[in-house]
Amino acid sequence: MEEKTAISFANVAAQYDGTPEILTDVSFNISNGAFYFLSGASGAGKTTLLRLIYQLHRPSRGQIKLFGKITNDMTRNEITALRQKMAIVFQDYSLLSHLSVFDNVALPLRVRGIPEDKVAKLVTKVLDWVGLGKYIDANPMTLSGGQKQRVSVARAITIQPAILLADEPTGNLDDENASRLMELFIQMNKMFGTTIILATHSKKLMDTYKFPVIHVENHRVSFSGKNSATTTASSDSEPKKVWRGPKPQNYFSELSKQFDDIGNA
């Protein structure tokens with residue numbers, strides 16, 4: 001049913017400035033609460049697909065629906081309102097150099113008018129979880145690539161998005177921190193029902209965490225794994241390995257209470 005569908009593409013094509021199509025006749029439905037890896041060679045169109053979903057790029061033809069609403073003819077204000085239900089993590093981090101790590105992560109909450117005391121609690125906890133608590137006052141430009149990526153992820157998850165799009169979020173991380181972020185994404189998916197699409201080149205990541213995969217190849221999209229593109233994540237999608245550090249369930253239970261507080265603000 002439509003109300004159960006988070007993302008719907010119907011014969012969508014995408015190109016840039018009259019160049020040949022990067023994506024051609026792409027059609028699929030992704031249910032609320034699904035978790036998919038997004039795989040494909042460099043230049044295949046993975047980032048373009050994410051940009052189409054986040055409404056940073058309009059299709060050259062075809063129809064896109066998000067949360068059951070057709071986006072093709074939406075106004076700028078309508079698109080802005082729609083994006084408030086989503087978050088995206090870019091490969092280039094997209095951090096603001098004139099703001100501290102704390103203020104970068106706090107920005108989307110402040111834009112939404114969240115009280116500052118709740119902003120402080122939530123941002124501090126999220127930064128602790130991604131291992132950057134001691135860099136809270138640092139300028140992001142002084143951090144390593146992997147640390148910047150974690151700041152970008154922290155900023156995305158603080159708003160408890162209904163859809164989270166991530167473009168190679170573990171690409172610059174060691175195995176321990178990659179596992180830590182993956183467990184965070186998994187708990188978001190389980191506890192909040194966040195629909196997640198995570199682009200990756202890592203076969204190791206996809207072999208370890210057995211989520212279904214969206215493949216982008218030859219301008220088209222196909223699916224593999226336990227779930228089709230119209231079903232939600234199931235228990236068969238559980239990862240084979242589990243993070244053995246701080247318990248994500250306990251952490252996320254506590255964090256979810258703060259999200260609830262924010263929702264009632």
# chains A, B, ... in the order shown; residues from 1 in each chain; ligands from 1
>>> residues_around(residues="Val105 in chain A", least_positions_apart="5", cutoff="8 Å", atoms="only C-alpha atoms", output="VMD selection string")
chain A and resid 123 151 to 152 154 to 156 158
>>> select_by_dssp(residues="range 54-226 of chain A", states="strand (DSSP E or B)", output="ChimeraX atom specification")
/A:61-66,69-70,86-89,163-167,195-199,213-217,220-224
>>> residues_around(residues="Leu23 in chain A", least_positions_apart="4", cutoff="10 Å", atoms="only C-alpha atoms", output="VMD selection string")
chain A and resid 11 to 15 44 to 46 48 to 49 59 to 60 216 to 221
>>> residues_around(residues="range 160-172 of chain A", least_positions_apart="4", cutoff="6 Å", atoms="only C-alpha atoms", output="NGL selection string")
:A and (85-91 or 146 or 178 or 194-200)
>>> residues_around(residues="range 136-145 of chain A", least_positions_apart="4", cutoff="8 Å", atoms="only C-alpha atoms", output="list in words")
Leu95, Leu96, Ser97, His98, Leu99, Ser100, Val101, Phe102, Thr124, Leu127, Leu132, Gln149 and Asn172 of chain A
>>> write_last_selection(atoms="N, CA and C atoms", output="compact mmCIF listing (two decimals), in the first residue's frame")
# COMPACT_ATOMS: atom_id res chain seq x y z
N LEU A 95 30.91 19.92 5.77
CA LEU A 95 30.95 20.59 7.06
C LEU A 95 31.26 22.06 6.87
N LEU A 96 30.81 22.88 7.81
CA LEU A 96 31.03 24.33 7.75
C LEU A 96 32.28 24.68 8.54
N SER A 97 33.28 25.23 7.86
CA SER A 97 34.58 25.47 8.49
C SER A 97 34.56 26.57 9.53
N HIS A 98 33.56 27.45 9.49
CA HIS A 98 33.52 28.54 10.47
C HIS A 98 32.76 28.15 11.74
N LEU A 99 32.29 26.90 11.80
CA LEU A 99 31.59 26.41 12.99
C LEU A 99 32.39 25.30 13.65
N SER A 100 32.26 25.17 14.96
CA SER A 100 32.90 24.08 15.69
C SER A 100 32.22 22.76 15.34
N VAL A 101 32.84 21.67 15.77
CA VAL A 101 32.23 20.36 15.60
C VAL A 101 30.84 20.33 16.23
N PHE A 102 30.73 20.84 17.45
CA PHE A 102 29.43 20.88 18.14
C PHE A 102 28.41 21.65 17.31
N THR A 124 25.87 16.23 22.43
CA THR A 124 26.96 15.69 23.24
C THR A 124 26.93 14.17 23.24
N LEU A 127 27.94 12.77 19.72
CA LEU A 127 29.38 12.90 19.48
C LEU A 127 30.17 11.91 20.33
N LEU A 132 33.87 11.10 19.22
CA LEU A 132 34.43 12.44 19.02
C LEU A 132 34.09 13.40 20.15
N GLN A 149 34.16 12.48 8.65
CA GLN A 149 33.04 11.65 8.23
C GLN A 149 32.13 11.34 9.40
N ASN A 172 36.39 6.00 4.98
CA ASN A 172 37.64 6.50 5.56
C ASN A 172 37.86 6.03 7.00
>>> select_by_dssp(residues="range 96-128 of chain A", states="alpha helix (DSSP H)", output="list in words")
Val101, Phe102, Asp103, Asn104, Val105, Ala106, Leu107, Pro108, Leu109, Arg110, Val111, Glu116, Asp117, Lys118, Val119, Ala120, Lys121, Leu122, Val123, Thr124, Lys125, Val126, Leu127 and Asp128 of chain A
>>> atom_distance(atom1="CA of Phe192 in chain A", atom2="CA of Asp73 in chain A")
29.6 Å
>>> residues_around(residues="Ala81 in chain A", least_positions_apart="3", cutoff="12 Å", atoms="only C-alpha atoms", output="ChimeraX atom specification")
/A:54-55,66,71,74-78,84-86,111-112
>>> write_last_selection(atoms="N, CA and C atoms", output="PDB file, in the first residue's frame")
ATOM      1  N   TYR A  54      17.023  12.660  -2.452  1.00  0.00           N
ATOM      2  CA  TYR A  54      17.080  13.814  -1.543  1.00  0.00           C
ATOM      3  C   TYR A  54      16.615  15.104  -2.229  1.00  0.00           C
ATOM      4  N   GLN A  55      16.259  15.003  -3.479  1.00  0.00           N
ATOM      5  CA  GLN A  55      15.744  16.138  -4.242  1.00  0.00           C
ATOM      6  C   GLN A  55      16.788  17.227  -4.474  1.00  0.00           C
ATOM      7  N   LEU A  66       7.935  10.441  -2.641  1.00  0.00           N
ATOM      8  CA  LEU A  66       8.500  10.260  -1.313  1.00  0.00           C
ATOM      9  C   LEU A  66       7.365  10.365  -0.303  1.00  0.00           C
ATOM     10  N   THR A  71       6.922  14.276  -6.226  1.00  0.00           N
ATOM     11  CA  THR A  71       7.851  15.388  -5.989  1.00  0.00           C
ATOM     12  C   THR A  71       8.136  16.221  -7.235  1.00  0.00           C
ATOM     13  N   MET A  74       6.872  19.833  -7.142  1.00  0.00           N
ATOM     14  CA  MET A  74       6.860  20.515  -5.850  1.00  0.00           C
ATOM     15  C   MET A  74       7.580  21.850  -5.926  1.00  0.00           C
ATOM     16  N   THR A  75       7.126  22.822  -5.137  1.00  0.00           N
ATOM     17  CA  THR A  75       7.791  24.108  -5.036  1.00  0.00           C
ATOM     18  C   THR A  75       9.039  23.974  -4.170  1.00  0.00           C
ATOM     19  N   ARG A  76       9.856  25.020  -4.178  1.00  0.00           N
ATOM     20  CA  ARG A  76      11.071  25.003  -3.350  1.00  0.00           C
ATOM     21  C   ARG A  76      10.726  24.839  -1.877  1.00  0.00           C
ATOM     22  N   ASN A  77       9.671  25.521  -1.402  1.00  0.00           N
ATOM     23  CA  ASN A  77       9.266  25.409   0.002  1.00  0.00           C
ATOM     24  C   ASN A  77       8.775  24.006   0.328  1.00  0.00           C
ATOM     25  N   GLU A  78       8.069  23.399  -0.603  1.00  0.00           N
ATOM     26  CA  GLU A  78       7.590  22.029  -0.380  1.00  0.00           C
ATOM     27  C   GLU A  78       8.760  21.052  -0.325  1.00  0.00           C
ATOM     28  N   GLN A  84      13.182  17.925   5.496  1.00  0.00           N
ATOM     29  CA  GLN A  84      13.279  17.897   6.953  1.00  0.00           C
ATOM     30  C   GLN A  84      12.967  16.519   7.518  1.00  0.00           C
ATOM     31  N   LYS A  85      12.422  15.639   6.679  1.00  0.00           N
ATOM     32  CA  LYS A  85      12.174  14.262   7.088  1.00  0.00           C
ATOM     33  C   LYS A  85      13.332  13.344   6.700  1.00  0.00           C
ATOM     34  N   MET A  86      14.336  13.912   6.041  1.00  0.00           N
ATOM     35  CA  MET A  86      15.438  13.100   5.532  1.00  0.00           C
ATOM     36  C   MET A  86      16.781  13.670   5.975  1.00  0.00           C
ATOM     37  N   VAL A 111      17.933  24.812  13.440  1.00  0.00           N
ATOM     38  CA  VAL A 111      17.064  25.257  12.349  1.00  0.00           C
ATOM     39  C   VAL A 111      15.617  24.874  12.632  1.00  0.00           C
ATOM     40  N   ARG A 112      15.426  23.748  13.298  1.00  0.00           N
ATOM     41  CA  ARG A 112      14.078  23.278  13.628  1.00  0.00           C
ATOM     42  C   ARG A 112      13.527  23.920  14.894  1.00  0.00           C
TER      43      ARG A 112
END
>>> atom_distance(atom1="CA of Gly68 in chain A", atom2="CA of Tyr36 in chain A")
19.4 Å
>>> atom_distance(atom1="CA of Pro212 in chain A", atom2="CA of Arg51 in chain A")
20.4 Å
>>> closest_residue(among="A:Lys134, A:Phe223, A:Lys65, A:Phe37", to="Tyr209 in chain A", atoms="only C-alpha atoms")
A:Phe37
